[in-house]
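Here is query-v5.cif, consisting of mmCIF, C-alpha atoms:
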```cif
data_my_file
#
loop_
_atom_site.label_atom_id
_atom_site.label_comp_id
_atom_site.auth_asym_id
_atom_site.auth_seq_id
_atom_site.Cartn_x
_atom_site.Cartn_y
_atom_site.Cartn_z
CA MET T 1 49.71 -20.86 -12.93
CA ASP T 2 48.72 -17.53 -11.43
CA GLN T 3 46.61 -18.86 -8.56
CA ASP T 4 46.02 -15.43 -7.00
CA GLY T 5 44.90 -14.00 -10.36
CA LEU T 6 42.58 -16.94 -10.91
CA ILE T 7 41.00 -16.54 -7.49
CA ALA T 8 40.62 -12.78 -7.98
CA SER T 9 38.84 -13.31 -11.33
CA LEU T 10 36.26 -15.85 -10.10
CA ASN T 11 33.54 -13.29 -9.37
CA GLN T 12 33.95 -11.68 -12.81
CA MET T 13 33.36 -14.99 -14.63
CA LYS T 14 29.79 -15.72 -15.67
CA LEU T 15 29.40 -19.49 -15.94
CA THR T 16 26.01 -20.71 -17.16
CA LEU T 17 24.33 -23.89 -18.32
CA GLN T 18 21.90 -23.64 -21.22
CA THR T 19 19.63 -26.39 -22.49
CA ASP T 20 18.35 -26.46 -26.05
CA SER T 21 14.95 -27.70 -27.26
CA ASP T 22 16.32 -31.25 -27.65
CA GLY T 23 17.45 -31.31 -24.02
CA ALA T 24 21.16 -31.07 -24.83
CA SER T 25 23.11 -28.89 -22.41
CA SER T 26 25.92 -26.48 -23.15
CA ILE T 27 28.26 -24.73 -20.75
CA PHE T 28 29.10 -21.07 -21.36
CA LEU T 29 31.78 -18.85 -19.87
CA ASP T 30 30.51 -15.35 -20.37
CA HIS T 31 29.04 -15.83 -23.87
CA GLU T 32 31.50 -18.43 -25.17
CA GLN T 33 30.39 -22.05 -25.41
CA LEU T 34 32.94 -24.37 -23.78
CA ASN T 35 31.68 -27.87 -24.57
CA ASP T 36 34.52 -28.84 -26.93
CA GLU T 37 37.24 -26.99 -25.01
CA LEU T 38 36.48 -28.92 -21.81
CA ARG T 39 37.95 -32.13 -23.27
CA THR T 40 41.16 -30.72 -24.73
CA SER T 41 44.53 -31.99 -23.57
CA MET T 42 45.34 -28.53 -22.15
CA VAL T 43 42.25 -28.59 -19.92
CA ASN T 44 42.73 -32.25 -18.98
CA ALA T 45 46.30 -31.54 -17.93
CA ARG T 46 45.29 -28.80 -15.49
CA VAL T 47 41.76 -29.50 -14.33
CA SER T 48 42.73 -31.49 -11.24
CA GLN T 49 45.26 -28.94 -10.01
CA ILE T 50 42.90 -26.02 -10.54
CA SER T 51 39.91 -27.80 -9.04
CA ALA T 52 41.96 -28.55 -5.91
CA ILE T 53 42.06 -24.83 -5.08
CA LYS T 54 39.58 -24.27 -2.25
CA GLN T 55 38.21 -20.97 -3.60
CA VAL T 56 37.66 -22.46 -7.07
CA ARG T 57 35.87 -25.49 -5.61
CA SER T 58 33.64 -23.31 -3.42
CA HIS T 59 32.76 -21.01 -6.30
CA LEU T 60 31.91 -23.87 -8.66
CA VAL T 61 29.90 -25.73 -6.03
CA ARG T 62 27.74 -22.62 -5.50
CA ILE T 63 27.11 -22.35 -9.25
CA GLN T 64 26.26 -26.05 -9.55
CA GLN T 65 23.89 -25.85 -6.58
CA LEU T 66 22.11 -22.87 -8.15
CA ILE T 67 21.70 -24.82 -11.39
CA GLY T 68 20.38 -27.82 -9.47
CA GLN T 69 17.77 -25.89 -7.47
CA LYS T 70 15.23 -26.69 -10.17
CA ARG T 71 15.65 -30.40 -9.33
CA GLY T 72 15.36 -33.17 -11.88
CA ILE T 73 18.81 -32.40 -13.23
CA VAL T 74 21.47 -34.93 -14.12
CA MET T 75 25.03 -33.91 -13.28
CA ASP T 76 28.27 -35.76 -13.39
CA GLY T 77 31.43 -34.93 -11.57
CA ARG T 78 33.83 -36.28 -9.04
CA ASP T 79 32.15 -34.70 -6.01
CA ILE T 80 28.57 -34.18 -7.18
CA GLY T 81 27.05 -36.79 -4.83
CA SER T 82 29.36 -36.20 -1.89
CA VAL T 83 29.68 -32.39 -1.82
CA VAL T 84 27.50 -30.57 -4.36
CA PHE T 85 24.27 -32.54 -3.85
CA PRO T 86 24.70 -34.74 -0.79
CA ASP T 87 20.89 -35.11 -0.56
CA ALA T 88 20.33 -36.06 -4.22
CA GLU T 89 17.46 -38.43 -4.94
CA LEU T 90 19.78 -40.76 -6.82
CA LYS T 91 23.55 -40.97 -6.77
CA ILE T 92 25.39 -43.18 -9.19
CA PHE T 93 29.07 -43.91 -8.76
CA LEU T 94 30.10 -44.75 -12.31
CA THR T 95 33.26 -46.72 -12.82
CA ALA T 96 35.01 -48.65 -15.58
CA ALA T 97 38.34 -50.34 -16.18
CA LEU T 98 41.11 -47.88 -17.04
CA GLU T 99 41.75 -49.46 -20.45
CA VAL T 100 38.09 -49.01 -21.40
CA ARG T 101 38.03 -45.42 -20.14
CA VAL T 102 41.16 -44.64 -22.15
CA GLN T 103 39.67 -46.12 -25.33
CA ARG T 104 36.39 -44.22 -24.84
CA ARG T 105 38.20 -40.92 -24.24
CA PHE T 106 40.41 -41.56 -27.27
CA LEU T 107 37.38 -42.12 -29.52
CA GLU T 108 35.66 -39.06 -28.03
CA THR T 109 38.65 -36.81 -28.68
CA LYS T 110 39.18 -38.25 -32.17
CA LYS T 111 35.51 -37.62 -33.02
CA LYS T 112 35.97 -33.99 -31.99
CA GLY T 113 39.05 -33.66 -34.17
CA LEU T 114 41.46 -33.50 -31.24
CA ASP T 115 44.81 -35.24 -31.48
CA MET T 116 45.69 -37.14 -28.31
CA SER T 117 47.58 -40.41 -28.02
CA LEU T 118 46.31 -43.40 -26.05
CA ALA T 119 49.40 -43.17 -23.82
CA ASN T 120 48.78 -39.50 -23.01
CA ILE T 121 45.12 -40.14 -22.29
CA ALA T 122 45.99 -43.06 -19.99
CA LEU T 123 48.55 -40.99 -18.11
CA ASN T 124 46.12 -38.09 -17.79
CA LEU T 125 43.31 -40.27 -16.44
CA GLN T 126 45.61 -41.98 -13.94
CA ASP T 127 46.99 -38.65 -12.75
CA ARG T 128 43.52 -37.13 -12.43
CA ASP T 129 42.21 -40.16 -10.52
CA HIS T 130 45.10 -39.94 -8.07
CA ILE T 131 44.95 -36.16 -7.60
CA ASP T 132 41.16 -36.06 -7.35
CA SER T 133 40.90 -38.92 -4.85
CA THR T 134 43.68 -37.60 -2.60
CA ARG T 135 43.02 -33.84 -2.69
CA LYS T 136 41.98 -32.08 0.51
CA GLU T 137 39.07 -30.11 -0.98
CA SER T 138 36.10 -32.16 -2.23
CA PRO T 139 37.92 -35.39 -3.00
CA LEU T 140 36.55 -38.03 -5.34
CA THR T 141 34.77 -40.43 -3.04
CA GLN T 142 31.98 -42.95 -3.25
CA THR T 143 29.17 -42.13 -0.83
CA LEU T 144 27.51 -44.91 1.13
CA ASP T 145 24.15 -44.25 -0.54
CA ALA T 146 25.50 -44.27 -4.11
CA VAL T 147 24.66 -47.07 -6.50
CA VAL T 148 27.85 -48.39 -8.06
CA VAL T 149 27.59 -48.99 -11.80
CA ASP T 150 30.61 -50.61 -13.44
CA ASN T 151 30.08 -49.86 -17.10
CA THR T 152 33.23 -51.57 -18.35
CA ASN T 153 31.22 -54.06 -20.39
CA LEU T 154 28.05 -52.04 -20.97
CA THR T 155 27.04 -50.26 -24.14
CA GLN T 156 25.72 -46.70 -23.93
CA ASP T 157 22.18 -48.03 -24.45
CA GLU T 158 22.62 -50.55 -21.63
CA GLN T 159 23.98 -47.83 -19.32
CA LEU T 160 21.05 -45.56 -20.12
CA ALA T 161 18.52 -48.34 -19.54
CA MET T 162 20.10 -49.16 -16.17
CA VAL T 163 20.17 -45.54 -15.01
CA LEU T 164 16.59 -44.92 -16.17
CA ALA T 165 15.44 -48.03 -14.28
CA LEU T 166 17.23 -46.81 -11.14
CA ALA T 167 15.68 -43.36 -11.50
CA LYS T 168 12.17 -44.80 -11.92
CA LEU T 169 12.64 -46.94 -8.80
CA ARG T 170 13.72 -43.90 -6.76
CA MET T 171 10.81 -41.76 -7.98
CA GLN T 172 8.11 -44.23 -6.86
#
```

Turn the structure described in the file into structure tokens.
Amino acid sequence: MDQDGLIASLNQMKLTLQTDSDGASSIFLDHEQLNDELRTSMVNARVSQISAIKQVRSHLVRIQQLIGQKRGIVMDGRDIGSVVFPDAELKIFLTAALEVRVQRRFLETKKKGLDMSLANIALNLQDRDHIDSTRKESPLTQTLDAVVVDNTNLTQDEQLAMVLALAKLRMQ
């Protein structure tokens, strides 16, 4: 990896979030939509190492904070509640058993036509968890004010209902 080249190119990259009329969000780099590319094995294999670079983290945090200035946004990420939005109205620390996370990621990649084995997905998730929770810059950490939701045994509808109920409680 050309770390110096990556750092030098940060200010030339135009990263944006666009929301369509249905409320679905898409991430664009310059004018290229990245939604599907963000879950490829190539990205998964490098995301933790690249995101550990201080200049990359700082640059992305600034972009995320600009996006979130409008408030009322839902973001997920390993340092959203601890670094990007430490004063967020609601922070949810979402967790699930590794086996369930592996199966969900496998089905997600299969649905997108990507070919990844369960073993590779498991290894990738374990590696990312370790790297992200032990890195110096913006480590994965649960904040004291976060609500922990273990969704191991929850359906997507149950997860959504729980999060909506938490959000309504916080907005009162």

Check which residues of stretch 63-87 of chain T sit at most 12 Å from stretch 167-172 of chain T using all atoms listed in the file, and return one row each with the closest pair of atoms and their distance in Å to one decimal, ordered by chain and rising number, as a Markdown table.
```
| residue | atom | partner | partner_atom | distance |
| --- | --- | --- | --- | --- |
| T:Gly72 | CA | T:Ala167 | CA | 10.2 |
| T:Ile73 | CA | T:Ala167 | CA | 11.5 |
| T:Val74 | CA | T:Ala167 | CA | 10.6 |
```

> Given the file above and the PyMOL selection byres ((chain T and resi 120-122) around 8), which residues are selected, and can you give them as a VMD selection string?
Replying inline: chain T and resid 98 to 99 102 105 to 106 116 to 119 123 to 126

> So what do you get for atom CA of T:Ile53 versus atom CA of T:Met13, distance-wise?
Replying inline: 16.2 Å

> Near stretch 149-152 of chain T, counting all atoms listed in the file, which residues have an atom at most 6 Å away, once you skip same-chain residues fewer than 3 positions from it, shown as a list in words?
Replying inline: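 The residues that qualify are Leu94, Thr95, Ala96 and Ala97 of chain T.
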
Let me see the file: selected residues, C-alpha atoms, as a PDB file, in the coordinates of the input.
```pdb
ATOM      1  CA  LEU T  94      30.100 -44.750 -12.310  1.00  0.00           C
ATOM      2  CA  THR T  95      33.260 -46.720 -12.820  1.00  0.00           C
ATOM      3  CA  ALA T  96      35.010 -48.650 -15.580  1.00  0.00           C
ATOM      4  CA  ALA T  97      38.340 -50.340 -16.180  1.00  0.00           C
TER       5      ALA T  97
END
```

>> Using Å and a single decimal, report how far atom CA of T:Thr19 sits from atom CA of T:Thr109.
In response: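 About the pair atom CA of T:Thr109 and atom CA of T:Thr19: they are 22.6 Å apart.
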
Go through the shown structure with the PyMOL selection byres ((chain T and resi 6) around 12) and write out the matching residues as a compact mmCIF listing (two decimals) with C-alpha atoms, keeping the file's coordinate frame.
```txt
# COMPACT_ATOMS: atom_id res chain seq x y z
CA MET T 1 49.71 -20.86 -12.93
CA ASP T 2 48.72 -17.53 -11.43
CA GLN T 3 46.61 -18.86 -8.56
CA ASP T 4 46.02 -15.43 -7.00
CA GLY T 5 44.90 -14.00 -10.36
CA ILE T 7 41.00 -16.54 -7.49
CA ALA T 8 40.62 -12.78 -7.98
CA SER T 9 38.84 -13.31 -11.33
CA LEU T 10 36.26 -15.85 -10.10
CA ASN T 11 33.54 -13.29 -9.37
CA GLN T 12 33.95 -11.68 -12.81
CA MET T 13 33.36 -14.99 -14.63
CA ILE T 50 42.90 -26.02 -10.54
CA SER T 51 39.91 -27.80 -9.04
CA ILE T 53 42.06 -24.83 -5.08
CA LYS T 54 39.58 -24.27 -2.25
CA GLN T 55 38.21 -20.97 -3.60
CA VAL T 56 37.66 -22.46 -7.07
CA HIS T 59 32.76 -21.01 -6.30
```

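Note that atom CA of T:Ala52 and atom CA of T:Lys110 are 28.1 Å apart.
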
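For the point (34.7, -36.9, -2.7) in file coordinates, the residues within 7 Å, using all atoms listed in the file, are T:Arg78, T:Asp79, T:Ser82, T:Val83, T:Ser133, T:Ser138, T:Pro139, T:Leu140, T:Thr141, T:Gln142.
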
Kindly add N, CA and C atoms to the incomplete stretch 45-69 of chain T and provide the output as a PDB file, in the coordinates of the input.
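Once written, part25.pdb looks like this:
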```
ATOM      1  N   ALA T  45      45.025 -31.572 -18.648  1.00  0.00           N
ATOM      2  CA  ALA T  45      46.300 -31.540 -17.930  1.00  0.00           C
ATOM      3  C   ALA T  45      46.257 -30.678 -16.682  1.00  0.00           C
ATOM      4  N   ARG T  46      45.308 -29.749 -16.619  1.00  0.00           N
ATOM      5  CA  ARG T  46      45.290 -28.800 -15.490  1.00  0.00           C
ATOM      6  C   ARG T  46      44.065 -28.870 -14.610  1.00  0.00           C
ATOM      7  N   VAL T  47      43.036 -29.558 -15.043  1.00  0.00           N
ATOM      8  CA  VAL T  47      41.760 -29.500 -14.330  1.00  0.00           C
ATOM      9  C   VAL T  47      41.877 -29.967 -12.875  1.00  0.00           C
ATOM     10  N   SER T  48      42.631 -30.996 -12.618  1.00  0.00           N
ATOM     11  CA  SER T  48      42.730 -31.490 -11.240  1.00  0.00           C
ATOM     12  C   SER T  48      43.461 -30.517 -10.331  1.00  0.00           C
ATOM     13  N   GLN T  49      44.523 -29.901 -10.836  1.00  0.00           N
ATOM     14  CA  GLN T  49      45.260 -28.940 -10.010  1.00  0.00           C
ATOM     15  C   GLN T  49      44.416 -27.699  -9.727  1.00  0.00           C
ATOM     16  N   ILE T  50      43.719 -27.220 -10.729  1.00  0.00           N
ATOM     17  CA  ILE T  50      42.900 -26.020 -10.540  1.00  0.00           C
ATOM     18  C   ILE T  50      41.707 -26.325  -9.645  1.00  0.00           C
ATOM     19  N   SER T  51      41.092 -27.476  -9.842  1.00  0.00           N
ATOM     20  CA  SER T  51      39.910 -27.800  -9.040  1.00  0.00           C
ATOM     21  C   SER T  51      40.259 -28.129  -7.588  1.00  0.00           C
ATOM     22  N   ALA T  52      41.539 -28.313  -7.294  1.00  0.00           N
ATOM     23  CA  ALA T  52      41.960 -28.550  -5.910  1.00  0.00           C
ATOM     24  C   ALA T  52      42.066 -27.257  -5.105  1.00  0.00           C
ATOM     25  N   ILE T  53      41.976 -26.116  -5.771  1.00  0.00           N
ATOM     26  CA  ILE T  53      42.060 -24.830  -5.080  1.00  0.00           C
ATOM     27  C   ILE T  53      40.726 -24.563  -4.368  1.00  0.00           C
ATOM     28  N   LYS T  54      40.783 -24.379  -3.073  1.00  0.00           N
ATOM     29  CA  LYS T  54      39.580 -24.270  -2.250  1.00  0.00           C
ATOM     30  C   LYS T  54      38.603 -23.208  -2.783  1.00  0.00           C
ATOM     31  N   GLN T  55      39.091 -22.049  -3.131  1.00  0.00           N
ATOM     32  CA  GLN T  55      38.210 -20.970  -3.600  1.00  0.00           C
ATOM     33  C   GLN T  55      37.536 -21.322  -4.921  1.00  0.00           C
ATOM     34  N   VAL T  56      38.242 -22.012  -5.794  1.00  0.00           N
ATOM     35  CA  VAL T  56      37.660 -22.460  -7.070  1.00  0.00           C
ATOM     36  C   VAL T  56      36.572 -23.478  -6.798  1.00  0.00           C
ATOM     37  N   ARG T  57      36.859 -24.457  -5.941  1.00  0.00           N
ATOM     38  CA  ARG T  57      35.870 -25.490  -5.610  1.00  0.00           C
ATOM     39  C   ARG T  57      34.622 -24.838  -5.032  1.00  0.00           C
ATOM     40  N   SER T  58      34.792 -23.955  -4.056  1.00  0.00           N
ATOM     41  CA  SER T  58      33.640 -23.310  -3.420  1.00  0.00           C
ATOM     42  C   SER T  58      32.800 -22.540  -4.422  1.00  0.00           C
ATOM     43  N   HIS T  59      33.466 -21.808  -5.294  1.00  0.00           N
ATOM     44  CA  HIS T  59      32.760 -21.010  -6.300  1.00  0.00           C
ATOM     45  C   HIS T  59      31.965 -21.916  -7.250  1.00  0.00           C
ATOM     46  N   LEU T  60      32.586 -22.970  -7.728  1.00  0.00           N
ATOM     47  CA  LEU T  60      31.910 -23.870  -8.660  1.00  0.00           C
ATOM     48  C   LEU T  60      30.781 -24.648  -7.988  1.00  0.00           C
ATOM     49  N   VAL T  61      30.963 -25.029  -6.748  1.00  0.00           N
ATOM     50  CA  VAL T  61      29.900 -25.730  -6.030  1.00  0.00           C
ATOM     51  C   VAL T  61      28.671 -24.827  -5.904  1.00  0.00           C
ATOM     52  N   ARG T  62      28.875 -23.551  -5.587  1.00  0.00           N
ATOM     53  CA  ARG T  62      27.740 -22.620  -5.500  1.00  0.00           C
ATOM     54  C   ARG T  62      27.001 -22.525  -6.838  1.00  0.00           C
ATOM     55  N   ILE T  63      27.734 -22.434  -7.923  1.00  0.00           N
ATOM     56  CA  ILE T  63      27.110 -22.350  -9.250  1.00  0.00           C
ATOM     57  C   ILE T  63      26.332 -23.633  -9.555  1.00  0.00           C
ATOM     58  N   GLN T  64      26.932 -24.777  -9.283  1.00  0.00           N
ATOM     59  CA  GLN T  64      26.260 -26.050  -9.550  1.00  0.00           C
ATOM     60  C   GLN T  64      25.001 -26.188  -8.699  1.00  0.00           C
ATOM     61  N   GLN T  65      25.066 -25.757  -7.448  1.00  0.00           N
ATOM     62  CA  GLN T  65      23.890 -25.850  -6.580  1.00  0.00           C
ATOM     63  C   GLN T  65      22.777 -24.929  -7.058  1.00  0.00           C
ATOM     64  N   LEU T  66      23.122 -23.764  -7.576  1.00  0.00           N
ATOM     65  CA  LEU T  66      22.110 -22.870  -8.150  1.00  0.00           C
ATOM     66  C   LEU T  66      21.446 -23.520  -9.363  1.00  0.00           C
ATOM     67  N   ILE T  67      22.233 -24.133 -10.216  1.00  0.00           N
ATOM     68  CA  ILE T  67      21.700 -24.820 -11.390  1.00  0.00           C
ATOM     69  C   ILE T  67      20.768 -25.955 -10.963  1.00  0.00           C
ATOM     70  N   GLY T  68      21.147 -26.664  -9.925  1.00  0.00           N
ATOM     71  CA  GLY T  68      20.380 -27.820  -9.470  1.00  0.00           C
ATOM     72  C   GLY T  68      19.162 -27.512  -8.627  1.00  0.00           C
ATOM     73  N   GLN T  69      18.930 -26.249  -8.291  1.00  0.00           N
ATOM     74  CA  GLN T  69      17.770 -25.890  -7.470  1.00  0.00           C
ATOM     75  C   GLN T  69      16.456 -26.277  -8.125  1.00  0.00           C
TER      76      GLN T  69
END
```
